[in-house]
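> File run-v9.txt follows (compact mmCIF, C-alpha atoms):
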```txt
# COMPACT_ATOMS: atom_id res chain seq x y z
CA MET S 1240 127.85 3.23 66.43
CA ALA S 1241 129.50 3.29 63.05
CA ASP S 1242 131.97 6.10 62.44
CA LEU S 1243 130.78 8.04 59.38
CA SER S 1244 133.70 10.46 59.32
CA SER S 1245 135.36 10.92 55.97
CA ASN S 1246 138.97 11.62 55.00
CA PHE S 1247 138.96 12.34 51.29
CA LEU S 1248 142.35 13.49 49.96
CA GLY S 1249 143.19 14.54 53.50
CA ILE S 1250 140.02 16.66 53.58
CA LYS S 1251 138.18 15.70 56.74
CA SER S 1252 134.43 15.93 57.25
CA PRO S 1253 132.12 14.44 59.91
CA ASN S 1254 130.28 12.37 57.30
CA PRO S 1255 130.63 11.55 53.58
CA PHE S 1256 127.61 13.62 52.51
CA TRP S 1257 128.58 16.77 50.62
CA LEU S 1258 126.33 19.18 48.76
CA ALA S 1259 127.28 19.38 45.09
CA SER S 1260 128.08 22.61 43.32
CA ALA S 1261 124.64 23.97 42.43
CA PRO S 1262 122.03 26.55 43.52
CA PRO S 1263 121.96 25.17 47.12
CA THR S 1264 125.61 26.22 47.57
CA ASP S 1265 125.45 29.66 45.97
CA LYS S 1266 125.86 31.81 49.07
CA ALA S 1267 126.89 31.81 52.72
CA TYR S 1268 123.29 31.85 53.92
CA ASN S 1269 122.57 28.55 52.18
CA VAL S 1270 125.84 26.89 53.11
CA GLU S 1271 125.60 27.74 56.79
CA ARG S 1272 122.05 26.39 56.94
CA ALA S 1273 123.30 23.23 55.27
CA PHE S 1274 126.10 22.80 57.79
CA ALA S 1275 123.69 23.41 60.65
CA ALA S 1276 121.45 20.67 59.24
CA GLY S 1277 124.36 18.21 59.28
CA TRP S 1278 126.01 18.16 55.85
CA GLY S 1279 129.65 17.12 56.04
CA GLY S 1280 130.81 19.41 53.26
CA VAL S 1281 129.83 21.57 50.32
CA VAL S 1282 131.20 22.34 46.91
CA TRP S 1283 130.55 26.05 46.45
CA LYS S 1284 128.61 26.93 43.31
CA THR S 1285 130.99 27.32 40.38
CA LEU S 1286 133.06 30.48 40.38
CA GLY S 1287 134.09 32.28 37.20
CA GLU S 1288 136.64 34.92 36.36
CA GLU S 1289 136.11 38.61 36.98
CA GLY S 1290 134.81 40.55 34.02
CA PRO S 1291 131.43 40.81 32.29
CA PRO S 1292 128.85 39.43 34.72
CA VAL S 1293 127.17 36.07 34.16
CA VAL S 1294 123.51 36.73 33.36
CA ASN S 1295 120.95 34.01 34.05
CA VAL S 1296 117.46 33.92 32.58
CA ASN S 1297 114.73 35.66 34.58
CA GLY S 1298 112.19 32.99 33.84
CA PRO S 1299 111.77 29.25 34.38
CA ARG S 1300 115.10 27.49 34.85
CA TYR S 1301 113.89 23.96 35.57
CA GLY S 1302 111.99 21.25 33.76
CA ALA S 1303 110.92 18.05 35.50
CA ILE S 1304 109.93 14.43 34.99
CA HIS S 1305 107.46 13.12 37.59
CA GLY S 1306 106.27 9.65 38.51
CA PRO S 1307 102.54 8.88 38.71
CA ASP S 1308 102.54 10.02 42.34
CA ARG S 1309 104.21 13.36 41.45
CA ARG S 1310 107.47 12.17 42.94
CA LEU S 1311 110.31 14.01 41.24
CA LEU S 1312 112.28 11.54 39.10
CA GLY S 1313 114.41 13.88 37.03
CA LEU S 1314 115.20 17.59 36.99
CA ASN S 1315 116.51 19.58 34.02
CA ASN S 1316 118.12 22.97 34.54
CA ILE S 1317 119.35 25.74 32.26
CA GLU S 1318 121.03 27.76 35.02
CA LEU S 1319 124.58 29.02 34.55
CA ILE S 1320 127.44 29.26 37.04
CA THR S 1321 127.18 31.79 39.88
CA ASP S 1322 125.99 35.22 38.81
CA ARG S 1323 127.30 36.80 42.01
CA PRO S 1324 130.57 38.79 41.88
CA LEU S 1325 133.71 36.73 42.43
CA GLU S 1326 134.88 38.98 45.26
CA VAL S 1327 131.60 38.48 47.15
CA ASN S 1328 131.82 34.69 46.83
CA LEU S 1329 135.45 34.61 47.95
CA ARG S 1330 134.70 36.79 50.99
CA GLU S 1331 131.77 34.62 52.03
CA MET S 1332 133.79 31.43 51.56
CA THR S 1333 136.47 32.81 53.87
CA GLU S 1334 133.91 33.66 56.54
CA VAL S 1335 132.13 30.31 56.32
CA LYS S 1336 135.35 28.30 56.58
CA LYS S 1337 136.35 30.20 59.71
CA LYS S 1338 132.96 29.51 61.33
CA TRP S 1339 132.85 25.83 60.32
CA PRO S 1340 136.45 24.57 60.38
CA ASP S 1341 135.39 20.93 60.77
CA ARG S 1342 133.38 20.91 57.50
CA ALA S 1343 134.76 20.41 54.01
CA LEU S 1344 134.59 23.46 51.77
CA ILE S 1345 135.51 22.98 48.12
CA ALA S 1346 135.60 25.70 45.46
CA SER S 1347 134.21 24.75 42.06
CA ILE S 1348 135.92 26.74 39.31
CA MET S 1349 135.28 27.35 35.62
CA VAL S 1350 137.32 29.87 33.63
CA PRO S 1351 138.43 29.98 29.98
CA CYS S 1352 140.82 27.30 28.80
CA GLU S 1353 143.79 29.65 29.04
CA GLU S 1354 146.73 29.26 31.39
CA GLU S 1355 146.69 32.89 32.56
CA ALA S 1356 143.02 32.67 33.55
CA TRP S 1357 143.66 29.68 35.82
CA LYS S 1358 146.91 31.16 37.13
CA ALA S 1359 145.05 34.33 38.11
CA ILE S 1360 142.09 32.82 39.97
CA LEU S 1361 143.77 29.98 41.88
CA PRO S 1362 145.75 32.10 44.40
CA ARG S 1363 142.64 34.13 45.20
CA VAL S 1364 140.63 30.99 45.85
CA GLU S 1365 143.44 29.58 47.96
CA GLU S 1366 143.35 32.65 50.21
CA THR S 1367 139.84 31.74 51.37
CA GLY S 1368 141.24 28.78 53.31
CA CYS S 1369 139.03 26.34 51.43
CA ASP S 1370 140.06 22.70 51.44
CA GLY S 1371 140.33 22.05 47.72
CA ILE S 1372 139.12 22.89 44.25
CA GLU S 1373 136.84 21.11 41.83
CA LEU S 1374 137.37 21.77 38.13
CA ASN S 1375 133.98 22.05 36.46
CA PHE S 1376 134.49 20.20 33.17
CA GLY S 1377 130.92 18.98 33.08
CA CYS S 1378 128.34 21.78 32.67
CA PRO S 1379 126.60 20.91 29.38
CA HIS S 1380 124.73 24.13 28.65
CA GLY S 1381 125.34 27.84 28.42
CA MET S 1382 128.98 27.81 29.48
CA SER S 1383 129.88 24.97 27.10
CA GLU S 1384 128.87 27.17 24.16
CA ARG S 1385 131.54 29.58 25.42
CA GLY S 1386 134.27 26.95 25.29
CA MET S 1387 134.11 25.96 28.97
CA GLY S 1388 132.47 23.21 31.01
CA ALA S 1389 131.66 20.15 28.92
CA ALA S 1390 133.45 21.69 25.93
CA VAL S 1391 136.67 21.04 27.87
CA GLY S 1392 135.50 17.82 29.50
CA GLN S 1393 134.86 16.20 26.13
CA VAL S 1394 138.49 16.69 25.02
CA PRO S 1395 140.93 14.59 27.08
CA GLU S 1396 143.91 16.64 25.93
CA TYR S 1397 142.33 19.81 27.32
CA ILE S 1398 141.56 18.08 30.60
CA GLU S 1399 145.13 16.96 31.07
CA MET S 1400 146.45 20.42 30.17
CA VAL S 1401 144.24 22.35 32.60
CA VAL S 1402 144.84 19.87 35.43
CA ARG S 1403 148.59 20.34 34.96
CA TRP S 1404 148.16 24.10 35.22
CA CYS S 1405 146.17 23.76 38.42
CA LYS S 1406 148.65 21.40 40.02
CA GLN S 1407 151.37 23.88 39.13
CA TYR S 1408 149.67 26.97 40.52
CA THR S 1409 147.99 25.74 43.72
CA ARG S 1410 148.82 23.70 46.80
CA MET S 1411 145.19 22.62 47.17
CA PRO S 1412 143.92 19.14 46.27
CA VAL S 1413 142.45 19.08 42.76
CA ILE S 1414 139.21 17.24 42.01
CA THR S 1415 138.32 16.96 38.33
CA LYS S 1416 134.57 16.88 37.66
CA LEU S 1417 133.77 14.80 34.58
CA THR S 1418 130.99 15.12 32.05
CA PRO S 1419 128.75 12.13 31.27
CA ASN S 1420 128.14 13.53 27.78
CA ILE S 1421 130.85 11.40 26.25
CA THR S 1422 131.15 7.93 24.75
CA ASP S 1423 133.78 6.46 27.09
CA VAL S 1424 134.20 8.11 30.49
CA ARG S 1425 137.46 6.26 31.07
CA LYS S 1426 139.31 8.46 28.58
CA PRO S 1427 138.76 11.80 30.36
CA ALA S 1428 139.44 10.07 33.69
CA ARG S 1429 142.75 8.77 32.36
CA ALA S 1430 143.60 12.23 31.05
CA ALA S 1431 142.86 13.80 34.43
CA LYS S 1432 145.08 11.26 36.13
CA SER S 1433 147.87 11.88 33.62
CA GLY S 1434 147.61 15.58 34.41
CA GLY S 1435 148.09 14.84 38.10
CA THR S 1436 144.58 15.21 39.46
CA ASP S 1437 144.11 14.09 43.04
CA ALA S 1438 140.60 12.76 42.40
CA VAL S 1439 137.68 12.79 40.00
CA SER S 1440 134.02 13.53 40.68
CA LEU S 1441 131.15 12.31 38.53
CA ILE S 1442 128.71 12.57 37.02
CA ASN S 1443 127.78 16.09 36.06
CA THR S 1444 124.42 16.65 34.40
CA ILE S 1445 123.29 14.97 31.17
CA ASN S 1446 122.29 16.92 28.06
CA SER S 1447 118.52 16.86 27.85
CA ILE S 1448 115.21 18.31 26.73
CA VAL S 1449 112.67 16.93 29.19
CA SER S 1450 109.48 17.83 27.36
CA VAL S 1451 107.84 19.91 24.64
CA ASP S 1452 104.81 22.08 25.29
CA LEU S 1453 102.25 20.92 22.71
CA ASP S 1454 100.40 24.23 22.84
CA THR S 1455 103.39 26.49 22.18
CA PHE S 1456 105.66 23.82 20.63
CA ALA S 1457 108.57 25.06 22.71
CA PRO S 1458 110.84 22.93 24.91
CA ASN S 1459 110.36 23.19 28.67
CA PRO S 1460 111.46 25.23 30.49
CA SER S 1461 110.34 27.87 28.01
CA ILE S 1462 111.67 31.43 27.92
CA ASP S 1463 109.43 33.75 25.91
CA GLY S 1464 108.39 30.94 23.57
CA ARG S 1465 111.78 29.31 23.09
CA GLY S 1466 113.78 26.71 25.00
CA SER S 1467 117.22 25.16 25.11
CA HIS S 1468 118.84 21.91 26.11
CA GLY S 1469 119.79 21.74 29.76
CA GLY S 1470 121.44 19.48 32.32
CA TYR S 1471 119.49 16.45 33.58
CA CYS S 1472 119.89 15.19 37.15
CA GLY S 1473 117.95 13.46 39.92
CA PRO S 1474 117.06 9.83 40.70
CA ALA S 1475 116.65 9.00 37.00
CA VAL S 1476 120.38 9.45 36.29
CA LYS S 1477 121.63 7.26 39.14
CA PRO S 1478 122.04 4.08 37.01
CA ILE S 1479 124.15 6.01 34.49
CA ALA S 1480 126.27 7.48 37.28
CA LEU S 1481 126.84 4.11 38.95
CA ASN S 1482 127.99 2.58 35.68
CA MET S 1483 130.44 5.38 34.96
CA VAL S 1484 131.83 5.24 38.50
CA ALA S 1485 132.29 1.48 38.13
CA GLU S 1486 134.06 1.90 34.78
CA ILE S 1487 136.65 4.17 36.36
CA ALA S 1488 136.97 2.09 39.54
CA ARG S 1489 137.79 -1.11 37.61
CA ASP S 1490 139.84 0.37 34.76
CA ALA S 1491 143.46 -0.73 34.98
CA GLU S 1492 144.70 2.81 34.23
CA THR S 1493 142.54 4.61 36.81
CA ARG S 1494 142.07 1.93 39.45
CA GLY S 1495 142.72 3.42 42.87
CA LEU S 1496 142.01 7.00 41.76
CA PRO S 1497 139.85 8.60 44.47
CA ILE S 1498 136.26 9.19 43.34
CA SER S 1499 133.57 11.53 44.62
CA GLY S 1500 130.25 10.04 43.53
CA ILE S 1501 127.45 12.21 42.12
CA GLY S 1502 124.16 11.44 40.41
CA GLY S 1503 120.67 10.88 41.77
CA ILE S 1504 121.67 10.18 45.36
CA THR S 1505 118.48 10.55 47.39
CA THR S 1506 118.73 8.02 50.23
CA TRP S 1507 121.36 6.41 52.43
CA ARG S 1508 121.06 3.29 50.28
CA ASP S 1509 122.01 5.24 47.17
CA ALA S 1510 125.07 6.57 48.97
CA ALA S 1511 126.06 3.10 50.17
CA GLU S 1512 125.89 1.81 46.59
CA PHE S 1513 128.24 4.52 45.35
CA ILE S 1514 130.65 3.84 48.21
CA ALA S 1515 130.50 0.10 47.50
CA LEU S 1516 131.64 0.92 43.97
CA GLY S 1517 134.68 2.75 45.30
CA CYS S 1518 133.59 6.32 46.09
CA GLY S 1519 135.23 8.01 49.05
CA ASN S 1520 132.28 10.35 49.51
CA VAL S 1521 129.10 11.40 47.71
CA GLN S 1522 127.70 14.71 46.50
CA VAL S 1523 123.99 15.51 46.56
CA CYS S 1524 121.92 18.23 44.90
CA THR S 1525 118.44 17.29 43.65
CA ALA S 1526 117.43 15.58 46.90
CA ALA S 1527 118.23 18.75 48.85
CA MET S 1528 116.35 20.88 46.31
CA THR S 1529 113.36 18.54 46.61
CA TYR S 1530 113.23 17.86 50.35
CA GLY S 1531 115.36 20.58 51.94
CA PHE S 1532 118.68 20.44 53.76
CA LYS S 1533 117.41 18.25 56.61
CA VAL S 1534 117.15 15.26 54.27
CA VAL S 1535 120.78 14.62 55.18
CA GLN S 1536 119.72 13.59 58.68
CA GLU S 1537 117.83 10.60 57.27
CA MET S 1538 120.85 9.75 55.12
CA ILE S 1539 123.16 9.86 58.12
CA SER S 1540 120.95 7.78 60.42
CA GLY S 1541 120.08 5.28 57.68
CA LEU S 1542 123.69 4.71 56.65
CA SER S 1543 124.79 4.44 60.28
CA ASP S 1544 122.06 1.89 61.13
CA TRP S 1545 122.85 -0.22 58.07
CA MET S 1546 126.59 -0.19 58.81
CA ASP S 1547 125.89 -1.24 62.40
CA SER S 1548 123.72 -4.10 61.18
CA ARG S 1549 126.53 -5.31 58.91
CA GLY S 1550 129.31 -4.82 61.42
CA PHE S 1551 131.05 -2.06 59.46
CA SER S 1552 132.83 0.39 61.73
CA SER S 1553 133.71 2.91 59.00
CA ILE S 1554 132.91 3.51 55.34
CA GLU S 1555 136.35 2.18 54.47
CA ASP S 1556 135.18 -1.26 55.64
CA PHE S 1557 132.89 -1.65 52.63
CA ARG S 1558 134.22 0.91 50.17
CA GLY S 1559 134.91 -0.76 46.83
CA MET S 1560 133.49 -4.15 47.86
CA ALA S 1561 131.23 -4.26 44.79
CA VAL S 1562 133.96 -3.45 42.27
CA PRO S 1563 135.30 -7.04 41.85
CA ASN S 1564 131.74 -8.17 41.10
CA VAL S 1565 131.39 -5.83 38.11
CA THR S 1566 132.54 -7.65 35.00
CA ASP S 1567 132.05 -7.78 31.24
CA TRP S 1568 129.10 -9.76 29.90
CA GLN S 1569 131.35 -12.42 28.40
CA TYR S 1570 132.51 -13.46 31.87
CA LEU S 1571 129.04 -14.08 33.33
CA ASN S 1572 128.23 -17.64 34.44
CA LEU S 1573 125.95 -19.05 31.75
CA ASN S 1574 125.37 -22.18 33.84
CA TYR S 1575 123.63 -20.20 36.57
CA ILE S 1576 119.86 -20.76 36.28
CA THR S 1577 116.94 -19.05 38.01
CA LYS S 1578 113.19 -19.49 37.63
CA ALA S 1579 110.39 -17.16 38.67
CA GLN S 1580 108.07 -18.23 41.46
CA ILE S 1581 104.80 -16.49 42.35
CA ASP S 1582 103.68 -16.27 45.98
CA GLN S 1583 99.98 -17.07 45.62
CA ASP S 1584 99.18 -15.55 49.02
CA LEU S 1585 100.52 -12.17 47.89
CA CYS S 1586 99.23 -12.30 44.31
CA ILE S 1587 96.37 -9.85 43.67
CA LYS S 1588 95.46 -11.46 40.32
CA CYS S 1589 96.10 -8.27 38.32
CA GLY S 1590 97.61 -10.24 35.45
CA ARG S 1591 100.43 -7.86 34.63
CA CYS S 1592 103.03 -10.61 34.85
CA HIS S 1593 101.08 -12.79 32.41
CA ILE S 1594 100.48 -9.95 29.93
CA ALA S 1595 104.13 -8.88 29.93
CA CYS S 1596 105.41 -12.42 29.55
CA GLU S 1597 102.76 -13.48 27.01
CA ASP S 1598 103.04 -10.45 24.75
CA THR S 1599 106.71 -9.55 24.98
CA SER S 1600 108.68 -12.40 26.46
CA HIS S 1601 108.48 -16.21 26.68
CA GLN S 1602 104.85 -17.22 27.33
CA ALA S 1603 105.88 -18.72 30.65
CA ILE S 1604 103.02 -17.61 32.94
CA THR S 1605 99.52 -19.07 32.92
CA SER S 1606 96.39 -16.93 33.02
CA MET S 1607 93.77 -19.63 33.65
CA VAL S 1608 93.93 -23.01 35.36
CA ASP S 1609 90.85 -25.27 35.17
CA GLY S 1610 88.74 -22.29 34.17
CA VAL S 1611 89.86 -20.18 37.12
CA ARG S 1612 91.95 -16.98 36.83
CA HIS S 1613 95.32 -18.13 38.11
CA PHE S 1614 98.90 -17.05 37.46
CA GLU S 1615 101.68 -19.57 37.77
CA VAL S 1616 105.10 -19.98 36.18
CA ILE S 1617 105.64 -22.71 33.58
CA ASP S 1618 109.16 -23.81 34.48
CA GLU S 1619 110.09 -25.31 31.14
CA GLU S 1620 109.30 -22.03 29.36
CA CYS S 1621 110.80 -19.64 31.92
CA VAL S 1622 114.25 -18.32 31.00
CA GLY S 1623 114.74 -16.43 34.26
CA CYS S 1624 114.65 -12.96 32.68
CA ASN S 1625 112.78 -11.48 35.72
CA LEU S 1626 110.60 -9.16 33.62
CA CYS S 1627 107.63 -10.37 35.66
CA VAL S 1628 109.34 -9.32 38.90
CA ASN S 1629 109.84 -5.80 37.58
CA VAL S 1630 106.28 -5.27 36.31
CA CYS S 1631 104.55 -6.81 39.34
CA PRO S 1632 102.97 -4.06 41.51
CA VAL S 1633 103.29 -6.14 44.71
CA GLU S 1634 106.74 -6.14 46.28
CA ASN S 1635 108.19 -9.64 46.88
CA CYS S 1636 105.21 -11.34 45.24
CA ILE S 1637 107.44 -12.85 42.55
CA ASP S 1638 110.87 -14.19 43.43
CA MET S 1639 113.71 -15.49 41.29
CA VAL S 1640 114.76 -18.88 42.65
CA PRO S 1641 118.20 -20.34 41.84
CA MET S 1642 117.97 -23.84 40.34
CA ILE S 1643 120.07 -26.94 40.94
CA SER S 1644 121.80 -27.97 37.73
CA GLY S 1645 120.06 -30.84 36.01
CA VAL S 1646 116.49 -31.83 35.13
CA ASP S 1647 113.81 -34.08 36.52
CA PRO S 1648 114.01 -37.22 34.30
CA ARG S 1649 110.24 -37.70 34.51
CA THR S 1650 109.09 -34.19 33.58
CA LYS S 1651 112.22 -33.04 31.70
CA THR S 1652 112.02 -29.76 33.62
CA PRO S 1653 114.68 -28.08 35.80
CA VAL S 1654 114.67 -29.29 39.39
CA ARG S 1655 113.74 -26.78 42.06
CA PRO S 1656 116.18 -26.52 44.96
CA ASP S 1657 115.66 -27.88 48.42
CA TYR S 1658 115.18 -24.55 50.20
CA ALA S 1659 116.21 -25.90 53.61
CA ASN S 1660 119.64 -27.01 52.38
CA TRP S 1661 120.12 -24.74 49.39
CA THR S 1662 122.80 -22.47 50.92
CA THR S 1663 125.13 -25.43 51.35
CA HIS S 1664 124.04 -27.55 48.38
CA PRO S 1665 127.05 -28.54 46.20
CA ASN S 1666 125.18 -27.50 43.05
CA ASN S 1667 124.55 -23.98 44.33
CA PRO S 1668 127.16 -21.77 42.64
CA MET S 1669 127.09 -19.44 45.66
CA ALA S 1670 127.52 -22.21 48.23
CA LYS S 1671 131.28 -21.87 48.31
CA VAL S 1672 131.02 -18.10 48.74
CA ALA S 1673 128.48 -18.54 51.55
CA ALA S 1674 130.74 -21.07 53.28
CA GLU S 1675 133.68 -18.68 53.17
```
Go ahead and render the structure in this file as structure tokens.

Amino acid sequence: MADLSSNFLGIKSPNPFWLASAPPTDKAYNVERAFAAGWGGVVWKTLGEEGPPVVNVNGPRYGAIHGPDRRLLGLNNIELITDRPLEVNLREMTEVKKKWPDRALIASIMVPCEEEAWKAILPRVEETGCDGIELNFGCPHGMSERGMGAAVGQVPEYIEMVVRWCKQYTRMPVITKLTPNITDVRKPARAAKSGGTDAVSLINTINSIVSVDLDTFAPNPSIDGRGSHGGYCGPAVKPIALNMVAEIARDAETRGLPISGIGGITTWRDAAEFIALGCGNVQVCTAAMTYGFKVVQEMISGLSDWMDSRGFSSIEDFRGMAVPNVTDWQYLNLNYITKAQIDQDLCIKCGRCHIACEDTSHQAITSMVDGVRHFEVIDEECVGCNLCVNVCPVENCIDMVPMISGVDPRTKTPVRPDYANWTTHPNNPMAKVAAE
């Protein structure tokens, strides 16, 4: 069987699946249940300084976006950092680490952007025996209005300054959590590296208002008739997270910087994609809040089975393999041609491919042939955009077929490949890769 153990910054865990800093990691009760279910590590819900208590709303804290089947696609929250006393959190962290020495335990921290505040809290966190700290520079609501969270993460100079303080005042590995609410994520990543961070984690939640109640005209979630922007997470943010991870992984100034991937990870496949883009581990929140802690068991078995099928003995065998294949648009092969092909045995004659192509694309799919409802691709009009594939409700009904360069001199249309010999055909741009 594949070995799923992780060694991230010298922090060992039995698998790369960590729970992200969030409500699921707010107390010992939750964390111990998570470890018992199989999670490899947790990032404890963000700690703040001692002083006036953090006060959360006593009403709805979440807004949601659902698919047609009520599957949760995106979750918005307006919850703040932990509202439990610092001393209680530190005591529980100490107890949990003693009981579960083989699991990763990371302390997320957010205090004012003042050197003395960081200097004061770091030794106390270090006494818990936790394995590292994560600097919360990402929270986009509530705390950011107080000059913390994303208010720091959006200013590279502040990031570098605070990271330097933390590296000065603690022996623990420092993970810098980045905000996605910024134009170019490479700049804060570069600043974190300049400050000496040991790793970055991303993405934190995205600024959002998920809906407006058209009876009360207040954003959801609504607190006594009023709402606020919150942080958006869940499967819907995964594409944004993957792109930002890739930007850091392939940037000349941050290449090689360890990354903990966060953002919409729900299945083993999601995790594998983040690892393929260079992540040393992944952090999960919404999936656990949707399906419970035991969802990690499916992630572990799924990733293990897939790795076995590919001959990967550890996550290091495929970590970063996708990074060289991420490039700028200008470097894409404009001589590579594909055409759509409809499997008539699978086609249910719904017509969605024709409508999408006819109304909004290239008029490359028939609707009638000899007076009979029939959908077929017109090769000479098809530009290979694959819109039809994405709107088709039947999986694998429409396929994008690579074309041999050149045209049929009789029909003036691109020549379809010989499927039997296509993998080794000299005109197949992937033939050389397949041979190697």
> So that I can check the surroundings of Lys1266 (chain S), please list as a ChimeraX atom specification every protein, DNA and RNA residue that reaches within 10 Å of it, counting all atoms listed in the file and ignoring chain neighbours fewer than 6 positions away.
/S:1283-1284,1321,1323,1327-1328,1331-1332,1335
> Mind pulling up the distance from CA of Asn1315 (chain S) to CA of Cys1472 (chain S)?
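One can read the CA of Cys1472 (chain S) to CA of Asn1315 (chain S) distance as 6.4 Å.
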> Mind giving me the straight-line distance from CA of Val1294 (chain S) to CA of Thr1409 (chain S) in Å, one decimal?
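Result for CA of Val1294 (chain S) versus CA of Thr1409 (chain S): 28.8 Å, one decimal.
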> Between S:Gly1502, S:Gly1298, S:Pro1263, S:Gly1368, which is the closest to Asn1459 (chain S) once you count only C-alpha atoms?
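Among the listed residues, S:Gly1298 lies closest to Asn1459 (chain S).
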> List as a PyMOL selection string: which residues have an atom within 12 Å of (121.4, 7.2, 37.7), counting only C-alpha atoms?
chain S and resi 1312-1313+1419+1441-1445+1471-1484+1500-1505+1509-1510+1512-1513
> Which residue is closest to Pro1460 (chain S)? Choose from S:Val1270, S:Ala1303, S:Glu1634, S:Asn1574 and count only C-alpha atoms.
S:Ala1303
> For Leu1319 (chain S), which residue out of S:Gly1249, S:Gly1469, S:Gly1371, S:Gly1434 is the nearest one, using all atoms listed in the file?
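Distance minimum relative to Leu1319 (chain S) lands on S:Gly1469.
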> Counting only C-alpha atoms, what is within 8 Å of region 1347-1354 of chain S, bar same-chain residues fewer than 2 positions away, as a ChimeraX atom specification?
/S:1260,1282-1288,1345,1356-1358,1372-1376,1386-1388,1391,1397,1401,1404
> Could you work out how far CA of Pro1299 (chain S) lies from CA of Leu1258 (chain S), giving the answer in Å with one decimal?
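About the pair CA of Leu1258 (chain S) and CA of Pro1299 (chain S): they are 22.8 Å apart.
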> Find the residue from S:Cys1518, S:Phe1614, S:Trp1339, S:Ile1360 that sits nearest to Arg1272 (chain S); use all atoms listed in the file when measuring.
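Going through S:Cys1518, S:Phe1614, S:Trp1339, S:Ile1360 one by one, the smallest distance to Arg1272 (chain S) is for S:Trp1339.
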> Any chance you could model N, CA and C atoms for region 1451-1466 of chain S and send them as a PDB file, keeping the file's coordinate frame?

```pdb
ATOM      1  N   VAL S1451     108.216  18.866  25.588  1.00  0.00           N
ATOM      2  CA  VAL S1451     107.840  19.910  24.640  1.00  0.00           C
ATOM      3  C   VAL S1451     106.393  20.302  24.920  1.00  0.00           C
ATOM      4  N   ASP S1452     106.154  21.578  25.076  1.00  0.00           N
ATOM      5  CA  ASP S1452     104.810  22.080  25.290  1.00  0.00           C
ATOM      6  C   ASP S1452     104.031  21.968  23.976  1.00  0.00           C
ATOM      7  N   LEU S1453     102.974  21.167  23.951  1.00  0.00           N
ATOM      8  CA  LEU S1453     102.250  20.920  22.710  1.00  0.00           C
ATOM      9  C   LEU S1453     101.237  22.006  22.379  1.00  0.00           C
ATOM     10  N   ASP S1454     101.182  23.050  23.186  1.00  0.00           N
ATOM     11  CA  ASP S1454     100.400  24.230  22.840  1.00  0.00           C
ATOM     12  C   ASP S1454     101.282  25.282  22.157  1.00  0.00           C
ATOM     13  N   THR S1455     102.478  25.478  22.729  1.00  0.00           N
ATOM     14  CA  THR S1455     103.390  26.490  22.180  1.00  0.00           C
ATOM     15  C   THR S1455     104.470  25.887  21.286  1.00  0.00           C
ATOM     16  N   PHE S1456     104.619  24.544  21.376  1.00  0.00           N
ATOM     17  CA  PHE S1456     105.660  23.820  20.630  1.00  0.00           C
ATOM     18  C   PHE S1456     107.059  24.324  20.963  1.00  0.00           C
ATOM     19  N   ALA S1457     107.259  24.656  22.224  1.00  0.00           N
ATOM     20  CA  ALA S1457     108.570  25.060  22.710  1.00  0.00           C
ATOM     21  C   ALA S1457     109.027  24.081  23.784  1.00  0.00           C
ATOM     22  N   PRO S1458     110.330  23.798  23.844  1.00  0.00           N
ATOM     23  CA  PRO S1458     110.840  22.930  24.910  1.00  0.00           C
ATOM     24  C   PRO S1458     110.614  23.564  26.277  1.00  0.00           C
ATOM     25  N   ASN S1459     110.441  22.722  27.289  1.00  0.00           N
ATOM     26  CA  ASN S1459     110.360  23.190  28.670  1.00  0.00           C
ATOM     27  C   ASN S1459     111.706  23.009  29.369  1.00  0.00           C
ATOM     28  N   PRO S1460     112.139  23.974  30.194  1.00  0.00           N
ATOM     29  CA  PRO S1460     111.460  25.230  30.490  1.00  0.00           C
ATOM     30  C   PRO S1460     111.513  26.189  29.300  1.00  0.00           C
ATOM     31  N   SER S1461     110.471  26.987  29.157  1.00  0.00           N
ATOM     32  CA  SER S1461     110.340  27.870  28.010  1.00  0.00           C
ATOM     33  C   SER S1461     110.558  29.313  28.426  1.00  0.00           C
ATOM     34  N   ILE S1462     111.378  30.021  27.659  1.00  0.00           N
ATOM     35  CA  ILE S1462     111.670  31.430  27.920  1.00  0.00           C
ATOM     36  C   ILE S1462     111.152  32.244  26.739  1.00  0.00           C
ATOM     37  N   ASP S1463     110.020  32.905  26.948  1.00  0.00           N
ATOM     38  CA  ASP S1463     109.430  33.750  25.910  1.00  0.00           C
ATOM     39  C   ASP S1463     109.229  32.966  24.601  1.00  0.00           C
ATOM     40  N   GLY S1464     108.738  31.738  24.741  1.00  0.00           N
ATOM     41  CA  GLY S1464     108.390  30.940  23.570  1.00  0.00           C
ATOM     42  C   GLY S1464     109.496  30.106  22.976  1.00  0.00           C
ATOM     43  N   ARG S1465     110.673  30.123  23.599  1.00  0.00           N
ATOM     44  CA  ARG S1465     111.780  29.310  23.090  1.00  0.00           C
ATOM     45  C   ARG S1465     112.456  28.596  24.270  1.00  0.00           C
ATOM     46  N   GLY S1466     113.092  27.460  23.966  1.00  0.00           N
ATOM     47  CA  GLY S1466     113.780  26.710  25.000  1.00  0.00           C
ATOM     48  C   GLY S1466     115.129  26.232  24.524  1.00  0.00           C
TER      49      GLY S1466
END
```
